[in-house]
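Only one structure is covered here, and it is reproduced in the block below.
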Amino acid sequence: MVRSIVVKKASVRDRLIVDVDVFMNQPDDFDFSPRASIEGKSLSISNGGNETGDSIELDDEQMNVAERDRMIELRVKFSVDGMHGVLTHKTRNVRTGPNAKKLAEPRWKTVLPISL
């Protein structure tokens, strides 16, 4: 289950791109089906069937692109709070230590239709 959704930023390239952080309850949770809707100049992202979500105010250029395309590109970063803990002993030369490789970050990119 999704615990919270935080909209980080919105930008325009070829289409409207929205970066989102999604916090899950447990690492085994796979229940996430995003929905996008616009009311006025506010874009809200929510999980399907739940009230969990966040919104962001769009400027005129972002609003024009959203109305033109009627879709957004959603970039999601999944995380679970407290899963890895806090690193207390750092290796001086990172290339030779046990932390030489980064942990995998679960990311997801999709295109969502907007309901106006």
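In the structure tokens, each chain is lettered A, B, ... as it comes, each chain's residues begin at 1, and ligands are numbered from 1 in order of appearance.
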
Can you pull out the residues contacting region 111-114 of chain A? Cut-off 12 Å, using only C-alpha atoms, and skip same-chain residues under 3 positions away; I want them as an mmCIF file with N, CA, C and O atoms, in the first residue's frame.
```cif
data_model
loop_
_atom_site.group_PDB
_atom_site.id
_atom_site.type_symbol
_atom_site.label_atom_id
_atom_site.label_comp_id
_atom_site.auth_asym_id
_atom_site.auth_seq_id
_atom_site.Cartn_x
_atom_site.Cartn_y
_atom_site.Cartn_z
ATOM 1 N N ARG A 15 6.784 17.251 -23.518
ATOM 2 C CA ARG A 15 5.493 17.170 -22.822
ATOM 3 C C ARG A 15 5.713 17.550 -21.371
ATOM 4 O O ARG A 15 6.836 17.804 -20.958
ATOM 5 N N LEU A 16 4.662 17.562 -20.593
ATOM 6 C CA LEU A 16 4.759 17.906 -19.182
ATOM 7 C C LEU A 16 5.332 16.719 -18.412
ATOM 8 O O LEU A 16 4.823 15.605 -18.495
ATOM 9 N N ILE A 17 6.416 16.952 -17.662
ATOM 10 C CA ILE A 17 7.101 15.912 -16.905
ATOM 11 C C ILE A 17 6.944 16.226 -15.427
ATOM 12 O O ILE A 17 7.229 17.339 -14.981
ATOM 13 N N VAL A 18 6.492 15.245 -14.651
ATOM 14 C CA VAL A 18 6.268 15.422 -13.225
ATOM 15 C C VAL A 18 7.095 14.384 -12.476
ATOM 16 O O VAL A 18 6.993 13.189 -12.740
ATOM 17 N N SER A 33 -1.241 2.363 -8.538
ATOM 18 C CA SER A 33 -1.805 2.675 -9.853
ATOM 19 C C SER A 33 -2.137 4.166 -9.873
ATOM 20 O O SER A 33 -3.168 4.581 -9.356
ATOM 21 N N PRO A 34 -1.230 4.976 -10.426
ATOM 22 C CA PRO A 34 -1.374 6.430 -10.343
ATOM 23 C C PRO A 34 -2.489 6.967 -11.235
ATOM 24 O O PRO A 34 -2.809 6.403 -12.278
ATOM 25 N N ARG A 35 -3.070 8.076 -10.789
ATOM 26 C CA ARG A 35 -4.089 8.811 -11.538
ATOM 27 C C ARG A 35 -3.705 10.280 -11.522
ATOM 28 O O ARG A 35 -3.228 10.789 -10.501
ATOM 29 N N ALA A 36 -3.931 10.985 -12.627
ATOM 30 C CA ALA A 36 -3.629 12.414 -12.721
ATOM 31 C C ALA A 36 -4.897 13.168 -13.085
ATOM 32 O O ALA A 36 -5.657 12.738 -13.957
ATOM 33 N N SER A 37 -5.108 14.292 -12.410
ATOM 34 C CA SER A 37 -6.268 15.129 -12.716
ATOM 35 C C SER A 37 -5.905 16.590 -12.504
ATOM 36 O O SER A 37 -5.026 16.916 -11.709
ATOM 37 N N ILE A 38 -6.588 17.451 -13.252
ATOM 38 C CA ILE A 38 -6.361 18.888 -13.154
ATOM 39 C C ILE A 38 -7.666 19.559 -12.780
ATOM 40 O O ILE A 38 -8.703 19.320 -13.404
ATOM 41 N N GLU A 39 -7.603 20.396 -11.742
ATOM 42 C CA GLU A 39 -8.724 21.248 -11.364
ATOM 43 C C GLU A 39 -8.198 22.669 -11.273
ATOM 44 O O GLU A 39 -7.356 22.962 -10.428
ATOM 45 N N SER A 42 -4.277 23.426 -10.738
ATOM 46 C CA SER A 42 -3.657 22.494 -9.809
ATOM 47 C C SER A 42 -3.675 21.082 -10.390
ATOM 48 O O SER A 42 -4.736 20.535 -10.692
ATOM 49 N N LEU A 43 -2.496 20.489 -10.543
ATOM 50 C CA LEU A 43 -2.357 19.105 -11.001
ATOM 51 C C LEU A 43 -2.226 18.225 -9.772
ATOM 52 O O LEU A 43 -1.355 18.451 -8.935
ATOM 53 N N SER A 44 -3.101 17.234 -9.640
ATOM 54 C CA SER A 44 -3.021 16.337 -8.493
ATOM 55 C C SER A 44 -2.739 14.916 -8.969
ATOM 56 O O SER A 44 -3.311 14.441 -9.939
ATOM 57 N N ILE A 45 -1.829 14.263 -8.257
ATOM 58 C CA ILE A 45 -1.445 12.874 -8.514
ATOM 59 C C ILE A 45 -1.932 12.065 -7.321
ATOM 60 O O ILE A 45 -1.650 12.404 -6.176
ATOM 61 N N SER A 46 -2.658 10.982 -7.586
ATOM 62 C CA SER A 46 -3.166 10.148 -6.503
ATOM 63 C C SER A 46 -3.052 8.684 -6.883
ATOM 64 O O SER A 46 -2.861 8.343 -8.044
ATOM 65 N N MET A 63 0.513 24.599 -18.072
ATOM 66 C CA MET A 63 -0.921 24.375 -18.249
ATOM 67 C C MET A 63 -1.279 24.219 -19.722
ATOM 68 O O MET A 63 -2.082 23.354 -20.094
ATOM 69 N N VAL A 65 0.698 23.133 -22.159
ATOM 70 C CA VAL A 65 1.210 21.841 -22.639
ATOM 71 C C VAL A 65 0.319 20.704 -22.141
ATOM 72 O O VAL A 65 0.019 19.771 -22.889
ATOM 73 N N ALA A 66 -0.138 20.793 -20.900
ATOM 74 C CA ALA A 66 -1.010 19.743 -20.350
ATOM 75 C C ALA A 66 -2.349 19.694 -21.086
ATOM 76 O O ALA A 66 -2.862 18.621 -21.389
ATOM 77 N N GLU A 67 -2.923 20.860 -21.400
ATOM 78 C CA GLU A 67 -4.191 20.891 -22.132
ATOM 79 C C GLU A 67 -4.010 20.445 -23.578
ATOM 80 O O GLU A 67 -4.903 19.821 -24.151
ATOM 81 N N ARG A 68 -2.860 20.751 -24.169
ATOM 82 C CA ARG A 68 -2.596 20.356 -25.547
ATOM 83 C C ARG A 68 -2.448 18.845 -25.673
ATOM 84 O O ARG A 68 -3.074 18.214 -26.528
ATOM 85 N N ASP A 69 -1.630 18.251 -24.802
ATOM 86 C CA ASP A 69 -1.323 16.813 -24.906
ATOM 87 C C ASP A 69 -2.337 15.935 -24.185
ATOM 88 O O ASP A 69 -2.527 14.785 -24.558
ATOM 89 N N ARG A 70 -2.948 16.458 -23.143
ATOM 90 C CA ARG A 70 -3.872 15.703 -22.286
ATOM 91 C C ARG A 70 -3.210 14.463 -21.692
ATOM 92 O O ARG A 70 -3.855 13.446 -21.460
ATOM 93 N N MET A 71 -1.890 14.554 -21.477
ATOM 94 C CA MET A 71 -1.149 13.481 -20.816
ATOM 95 C C MET A 71 0.111 14.059 -20.200
ATOM 96 O O MET A 71 0.568 15.132 -20.596
ATOM 97 N N ILE A 72 0.640 13.356 -19.200
ATOM 98 C CA ILE A 72 1.895 13.748 -18.567
ATOM 99 C C ILE A 72 2.835 12.558 -18.538
ATOM 100 O O ILE A 72 2.408 11.411 -18.620
ATOM 101 N N GLU A 73 4.122 12.859 -18.459
ATOM 102 C CA GLU A 73 5.119 11.812 -18.232
ATOM 103 C C GLU A 73 5.420 11.826 -16.745
ATOM 104 O O GLU A 73 5.864 12.834 -16.196
ATOM 105 N N LEU A 74 5.145 10.719 -16.082
ATOM 106 C CA LEU A 74 5.314 10.616 -14.632
ATOM 107 C C LEU A 74 6.587 9.832 -14.339
ATOM 108 O O LEU A 74 6.745 8.706 -14.794
ATOM 109 N N ARG A 75 7.498 10.462 -13.591
ATOM 110 C CA ARG A 75 8.725 9.800 -13.156
ATOM 111 C C ARG A 75 8.615 9.549 -11.660
ATOM 112 O O ARG A 75 8.540 10.484 -10.872
ATOM 113 N N VAL A 76 8.622 8.274 -11.289
ATOM 114 C CA VAL A 76 8.365 7.878 -9.906
ATOM 115 C C VAL A 76 9.628 7.297 -9.289
ATOM 116 O O VAL A 76 10.311 6.488 -9.907
ATOM 117 N N TRP A 108 10.635 4.396 -11.847
ATOM 118 C CA TRP A 108 9.610 3.976 -12.780
ATOM 119 C C TRP A 108 9.204 5.194 -13.596
ATOM 120 O O TRP A 108 9.107 6.293 -13.074
#
```

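Among A:Lys77, A:Val22, A:Pro27, A:Lys9, the residue with the shortest atom-to-atom distance to Leu58 (chain A), counting only C-alpha atoms, is A:Lys9.
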
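A straight line drawn from CA of Ser115 (chain A) to CA of Val80 (chain A) is 28.9 Å long.
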
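Among A:Val20, A:Val2, A:Val12, A:Leu116, the residue with the shortest atom-to-atom distance to Phe32 (chain A), counting only C-alpha atoms, is A:Val2.
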
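Atom pair CA of Phe23 (chain A) / CA of Asn47 (chain A) has a distance of 11.6 Å (rounded to one decimal).
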
| Leaving out Ser4 (chain A) and any residue of its chain fewer than 3 positions from it, which residues lie within 9 Å of it when counting only C-alpha atoms, given as a PyMOL selection string? | chain A and resi 21-25+52-54

Put those residues in a file: C-alpha atoms, as a short mmCIF file (atom, residue, chain, number, x, y, z; two decimals), in the first residue's frame.
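New file again.cif:
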```cif
data_model
loop_
_atom_site.label_atom_id
_atom_site.label_comp_id
_atom_site.auth_asym_id
_atom_site.auth_seq_id
_atom_site.Cartn_x
_atom_site.Cartn_y
_atom_site.Cartn_z
CA ASP A 21 8.41 10.36 -4.64
CA VAL A 22 6.21 7.47 -3.50
CA PHE A 23 6.66 6.06 0.00
CA MET A 24 5.44 2.49 0.45
CA ASN A 25 4.53 0.76 3.73
CA THR A 52 -3.49 9.37 -0.83
CA GLY A 53 -1.94 12.00 -3.09
CA ASP A 54 -0.37 15.40 -3.58
#
```

| task | Just give me the gap between CA of Arg107 (chain A) and CA of Ser11 (chain A) in Å, one decimal is fine. | result | 18.0 Å
